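Student: Take a look at this one; I'll ask things after.
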Number of protein chains: 2
Amino acid sequence: MTPHREAPSGKAPLAITMGDACGIGPEIIAMAFRGEAAAGAFVLGDVDVMRRAVRQTGGLQAVAVIERPADALALPPGCIGVLPVVQLPDSLPQGQIDARAGAAAHDCIRRACELALAGQVAALVTAPIHKEALSAAGIAFPGHTEMLQAYANGPEGPPVRMMLANDELKTVLVTIHMSLRQAIERVDFDNVLQTLRIVHRSARLWGQPAPRIAVAGLNPHAGEGGLFGDEELRVIGPAIEAACAEGIAASGPYAPDTVFMRARNTLDHPGEFDVVVAMYHDQGLIPVKYLGVERGVNVTLGLPFIRTSPDHGTAFDLAGSGRADPSSLVSAIEMARRLAAAA
Amino acid sequence: MTPHREAPSGKAPLAITMGDACGIGPEIIAMAFRGEAAAGAFVLGDVDVMRRAVRQTGGLQAVAVIERPADALALPPGCIGVLPVVQLPDSLPQGQIDARAGAAAHDCIRRACELALAGQVAALVTAPIHKEALSAAGIAFPGHTEMLQAYANGPEGPPVRMMLANDELKTVLVTIHMSLRQAIERVDFDNVLQTLRIVHRSARLWGQPAPRIAVAGLNPHAGEGGLFGDEELRVIGPAIEAACAEGIAASGPYAPDTVFMRARNTLDHPGEFDVVVAMYHDQGLIPVKYLGVERGVNVTLGLPFIRTSPDHGTAFDLAGSGRADPSSLVSAIEMARRLAAAA
């Protein structure tokens with residue numbers, strides 16, 4: 001089922017795709033290379049764009065062209081290795097939609113998938129891209145998740161799921177980018193069971209080979225016995241039972257308004273569960289983001305390699321200012337490194 | 001529009017309804033009377049049930065029968081004044097549904113409304129009731145909110161809304177106890193505008209005569225310009241505009257996954273908004289409960305008097321054990337007192 005992937009050879013480096021060159025991606029990458037986080041990583045992108053980003057963020061790092069991923073491991077600390085995938089014009093504007101930036105962002109991600117499948121990188125971290133820039137370049141994918149699904153698993157390959165995680169909570173979404181009405185329709189037996197299987201298989205990556213998976217209901221009070229909707233009885237409950245029959249430690253459906261609080265894992269509040277499966281976008285993202293987006297990391301589950309990304313967009317209004325916050329990207333790099341070490 | 005209400009005469013006491021006598025209500029009330037929180041308050045309920053609750057929680061407080069609310073103000077500290085509304089049998093079991101407890105809970109709430117409308121109490125705090133016990137007693141109301149609406153505002157009177165609040169976040173719900181499918185249907189222009197008006201009028205109670213009201217969208221990314229649902233364009237946006245035209249400081253619709261984080265008000269994170277209007281039950285309750293239910297208080301907005309309640313149920317599994325946590329009730333009492341002082 002899962003596409004073939006070469007095992008990373010020895011100590012493979014971590015790859016960071018540059019993202020949309022008109023957004024804050026290059027700048028937050030440049031800032032991430034100031035600390036320890038990005039040591040031994042390299043950038044898939046454009047050399048001149050990265051040099052501009054170093055200048056704009058007031059950095060002093062050298063930008064070095066590398067020929068193959070492994071070269072990144074030999075660079076001195078603070079030096080940003082760039083594997084050139086694209087060449088963008090000097091005049092590329094910042095802070096706006098540009099088809100050239102969209103096409104370049106796409107090409108970097110496709111190349112990253114090839115390198116990851118060939119075992120030449122330990123993990124993949126992606127800087128933000130812009131949906132409309134992709135579209136202006138004639139690229140039909142609405143976002144990273146769909147692109148990774150296609151290039152890594154194949155268009156008809158096994159499905160992937162989005163996980164959002166911070167220090168104290170992990171949540172995996174059954175449905176993502178669609179209206180709430182449509183999400184309700186997509187909460188079906190197959191999608192819920194598929195999500196539970198993906199979570200169960202992926203959790204060894206973060207050190208939990210038999211994760212305690214809590215499943216949120218769709219309706220208030222998880223339907224209150226059918227009084228407030230029947231999806232829990234008709235769909236979610238049966239999918240949990242089927243997962244349990246396969247040896248997956250899933251339980252629920254739980255009342256959505258308290259299951260995230262119960263799973264919250266802090267020093268003085270040990271979580272009752274290791275991960276929560278949420279039925280729709282905001283159900284899972286509201287609690288993960290509540291304490292601050294700078295701490296959240298997006299992890300794609302179900303790929304044949306590790307992929308993480310920061311939990312924010314291209315922030316065109318900040319592009320070129322050098323004032324964007326690299327915290328979420330740094331968290332994404334650290335998370336990718338931890339997951340790759342466990343893989 | 002609003003039903004006539006006598007102003008509380010001088011320093012009126014705070015009334016606490018006993019709730020379902022088979023649940024933890026009487027015990028958490030008894031515990032609340034140990035501290036300062038309940039000083040000068042009294043209980044609408046049954047004397048023997050309250051005496052049992054004092055014993056079961058290992059308390060030493062006296063339980064005194066009072067004849068009128070004002071008598072409570074003359075009781076010594078720690079003495080629990082009970083205005084007898086009902087008389088329940090000694091043999092009443094705990095931890096299960098009982099029609100007699102349902103009927104008694106209802107009668108206490110109806111009496112509380114009468115006293116509040118007559119200006120004899122400063123504010124009303126309600127202990128948890130059980131929907132099925134009410135139903136077993138032939139009472140058609142599904143919960144407090146509907147009962148208060150009927151007895152205080154009249155069945156055809158002005159609508160009320162549920163607000164959930166803790167130290168750092170206030171959220172008011174457009175829809176409450178119904179399936180998610182039904183909630184989507186009920187998010188209409190009138191309901192959203194009505195909610196904004198109620199919030200605007202009520203916020204002077206907590207010291208904000210012109211509150212900054214953030215309105216959450218219904219769909220992911222607040223619909224992403226119509227791509228993920230059109231309720232924001234069709235319904236929520238126009239209702240916000242109409243409210244602004246009336247001088248209400250409403251804004252949005254905002255992406256639901258970040259609006260609560262943005263409104264979060266702590267020492268090192270000043271909130272961008274004073275209150276968030278949420279479209280459905282879990283959208284608002286997930287963030288309020290995320291840091292712990294013991295801190296949440298339920299406030300009914302749109303009544304002619306102050307009413308608060310703890311943010312949990314009857315907890316039949318704990319009833320009689322003396323181990324229930326009174327924190328949320330204590331918070332509800334403190335909140336009622338603060339709001340009454342501002343009214």
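By order of appearance in the structure tokens: chains A, B, ..., then residues from 1 within every chain, and ligands from 1 in the order shown.
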Give the helix (DSSP H, G or I) residues of range 39-147 of chain B, as DSSP finds them on the backbone, and put them as a VMD selection string.
Tutor: chain B and resid 47 to 56 69 to 74 99 to 117 131 to 136 144 to 147
Student: List as a short mmCIF file (atom, residue, chain, number, x, y, z; two decimals) with N, CA and C atoms, in the first residue's frame the protein and nucleic acid residues near Thr17 in chain B, meaning an atom at most 9 Å away when only C-alpha atoms are counted, but skip any in the same chain fewer than 3 places from it.
Tutor:
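Output file out.cif follows:
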```cif
data_model
loop_
_atom_site.label_atom_id
_atom_site.label_comp_id
_atom_site.auth_asym_id
_atom_site.auth_seq_id
_atom_site.Cartn_x
_atom_site.Cartn_y
_atom_site.Cartn_z
N GLY B 25 -25.85 18.90 44.08
CA GLY B 25 -26.20 20.29 44.38
C GLY B 25 -26.16 20.63 45.87
N PHE B 42 -28.81 32.69 50.81
CA PHE B 42 -29.69 31.68 51.39
C PHE B 42 -30.09 30.69 50.31
N VAL B 43 -30.66 29.56 50.79
CA VAL B 43 -30.98 28.46 49.89
C VAL B 43 -32.50 28.34 49.72
N LEU B 44 -32.94 28.19 48.49
CA LEU B 44 -34.33 27.86 48.23
C LEU B 44 -34.39 26.35 48.05
N GLY B 45 -35.02 25.64 49.02
CA GLY B 45 -35.01 24.19 48.89
C GLY B 45 -35.71 23.49 50.05
N ALA B 105 -36.99 20.56 42.22
CA ALA B 105 -36.01 21.47 41.59
C ALA B 105 -36.74 22.54 40.79
N CYS B 108 -38.47 25.18 43.09
CA CYS B 108 -37.50 26.13 43.68
C CYS B 108 -37.12 27.21 42.66
N ILE B 109 -36.93 26.81 41.41
CA ILE B 109 -36.55 27.79 40.39
C ILE B 109 -37.70 28.77 40.12
N ALA B 112 -37.81 31.15 42.90
CA ALA B 112 -36.67 32.07 42.81
C ALA B 112 -36.96 33.19 41.82
N LEU B 124 -29.47 35.50 41.50
CA LEU B 124 -29.88 34.11 41.60
C LEU B 124 -28.74 33.22 41.12
N VAL B 125 -28.39 32.22 41.96
CA VAL B 125 -27.41 31.21 41.56
C VAL B 125 -28.13 29.87 41.60
N THR B 126 -28.00 29.08 40.54
CA THR B 126 -28.75 27.82 40.49
C THR B 126 -27.80 26.63 40.52
N ALA B 127 -28.09 25.68 41.41
CA ALA B 127 -27.32 24.42 41.44
C ALA B 127 -27.87 23.50 40.34
N PRO B 128 -27.09 22.48 39.95
CA PRO B 128 -27.46 21.69 38.77
C PRO B 128 -28.77 20.90 38.91
#
```
Student: Can you work out the spacing between CA of Arg234 in chain B and CA of Val187 in chain B in Å, to one decimal?
Tutor: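 These two atoms are separated by 10.6 Å.
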Student: I'd like the contact shell of Arg181 in chain A - 8 Å cut-off, only C-alpha atoms, skipping same-chain residues fewer than 6 positions apart - returned as a compact mmCIF listing (two decimals) with N, CA, C and O atoms, in the first residue's frame.
Tutor:
```txt
# COMPACT_ATOMS: atom_id res chain seq x y z
N ARG B 181 -26.13 19.99 12.86
CA ARG B 181 -26.91 20.28 11.65
C ARG B 181 -27.97 21.34 11.91
O ARG B 181 -28.14 22.29 11.15
N ILE B 184 -26.62 24.89 12.52
CA ILE B 184 -26.30 25.61 11.29
C ILE B 184 -27.55 26.30 10.74
O ILE B 184 -27.51 27.44 10.30
N GLY B 229 -18.22 27.63 2.44
CA GLY B 229 -19.52 27.95 3.04
C GLY B 229 -19.81 29.43 2.92
O GLY B 229 -18.89 30.26 2.89
```
Student: Counting only C-alpha atoms, figure out which residue out of B:Leu233, B:Leu285, B:Val215, B:Ile29 gets nearest to Gly252 in chain B.
Tutor: B:Val215
Student: If you count only C-alpha atoms, which residues fall within 12 Å of range 52-67 of chain B, apart from same-chain ones fewer than 3 positions away, as a VMD selection string?
Tutor: chain B and resid 18 21 to 35 41 to 49 70 to 85 88 to 94 318 to 326
Student: Could you list, as a ChimeraX atom specification, every residue of chain B that has an atom within 8 Å of an atom of chain A, counting only C-alpha atoms?
Tutor: /B:177-181,184,218-220,223,227-229,256-258,260-261,264,281-283,285-287,289-293
Student: Can you spit out the residues from that selection as an mmCIF file, in the first residue's frame, using C-alpha atoms?
Tutor:
```
data_model
loop_
_atom_site.group_PDB
_atom_site.id
_atom_site.type_symbol
_atom_site.label_atom_id
_atom_site.label_comp_id
_atom_site.auth_asym_id
_atom_site.auth_seq_id
_atom_site.Cartn_x
_atom_site.Cartn_y
_atom_site.Cartn_z
ATOM 1 C CA HIS B 177 -28.655 22.427 22.809
ATOM 2 C CA MET B 178 -29.366 20.948 19.390
ATOM 3 C CA SER B 179 -27.542 18.904 16.762
ATOM 4 C CA LEU B 180 -24.770 20.603 14.793
ATOM 5 C CA ARG B 181 -26.915 20.277 11.645
ATOM 6 C CA ILE B 184 -26.295 25.612 11.287
ATOM 7 C CA LEU B 218 -19.415 29.408 11.313
ATOM 8 C CA ASN B 219 -17.027 27.765 8.830
ATOM 9 C CA PRO B 220 -13.249 27.139 8.784
ATOM 10 C CA GLY B 223 -15.642 30.687 4.980
ATOM 11 C CA LEU B 227 -15.022 28.895 -0.656
ATOM 12 C CA PHE B 228 -15.872 26.965 2.547
ATOM 13 C CA GLY B 229 -19.516 27.949 3.040
ATOM 14 C CA PRO B 256 -13.082 30.574 14.561
ATOM 15 C CA ASP B 257 -9.786 28.798 15.234
ATOM 16 C CA THR B 258 -7.962 31.980 16.306
ATOM 17 C CA PHE B 260 -10.796 32.876 21.041
ATOM 18 C CA MET B 261 -7.014 32.966 21.362
ATOM 19 C CA ARG B 264 -7.957 35.643 25.670
ATOM 20 C CA HIS B 281 -22.288 25.110 21.592
ATOM 21 C CA ASP B 282 -18.862 23.510 21.189
ATOM 22 C CA GLN B 283 -17.302 26.424 19.300
ATOM 23 C CA LEU B 285 -17.432 25.886 25.126
ATOM 24 C CA ILE B 286 -14.240 24.155 23.946
ATOM 25 C CA PRO B 287 -12.037 27.219 24.609
ATOM 26 C CA LYS B 289 -13.442 24.779 29.297
ATOM 27 C CA TYR B 290 -9.969 24.050 27.924
ATOM 28 C CA LEU B 291 -8.112 25.273 31.008
ATOM 29 C CA GLY B 292 -10.469 23.428 33.399
ATOM 30 C CA VAL B 293 -14.228 23.317 34.002
#
```
Student: Using only C-alpha atoms, can you tell me which of B:Leu148, B:Val299, B:Leu329, B:Ala245 comes closest to Ala165 in chain B?
Tutor: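 Using only C-alpha atoms, Ala165 in chain B sits closest to B:Val299.
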Student: Determine which residues of range 131-183 of chain B receive a DSSP assignment of strand (DSSP E or B), computed from the backbone, and state them as a list in words.
Tutor: Arg161, Met162, Met163, Leu164, Ala165, Lys170, Thr171, Val172 and Leu173 of chain B
Student: One number please: CA of Ile240 in chain B to CA of Glu146 in chain B, in Å, one decimal.
Tutor: 25.9 Å
Student: List the neighbours of Leu339 in chain B out to 7 Å using only C-alpha atoms; skip same-chain residues closer than 6 positions along the sequence, and give me the result as a list of chain:residue names.
Tutor: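 Residues near the query, excluding close chain neighbours: B:Leu205, B:Trp206, B:Ile306.
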Student: Please report the interatomic distance between CA of Glu168 in chain B and CA of Arg295 in chain B in Å with one decimal.
Tutor: 10.0 Å
Student: What's the 9 Å shell around Ala12 in chain A, counting only C-alpha atoms, without same-chain residues fewer than 4 positions away, as a list in words?
Tutor: Pro8, Gly40, Pro69, Ala70, Leu73, Gly119, Gln120, Val121, Ala122 and Ala123 of chain A
Student: Determine, counting only C-alpha atoms, which protein, DNA and RNA residues have an atom within 12 Å of an atom of Arg197 in chain A; residues of the same chain fewer than 5 positions away are not included. Present the result as a list of chain:residue names.
Tutor: A:Pro158, A:Pro159, A:Val160, A:Arg161, A:Val172, A:Val174, A:Asp190, A:Asn191, A:Val192, A:Ser202, A:Ala203, A:Ala210, A:Pro211, A:Ile213, A:Ala239, A:Ile240, A:Ala242, A:Ala243, A:Cys244, A:Ala245, A:Glu246, A:Gly247, A:Ile248, A:Ala249, A:Ala250, A:Val277, A:Leu301, A:Gly302
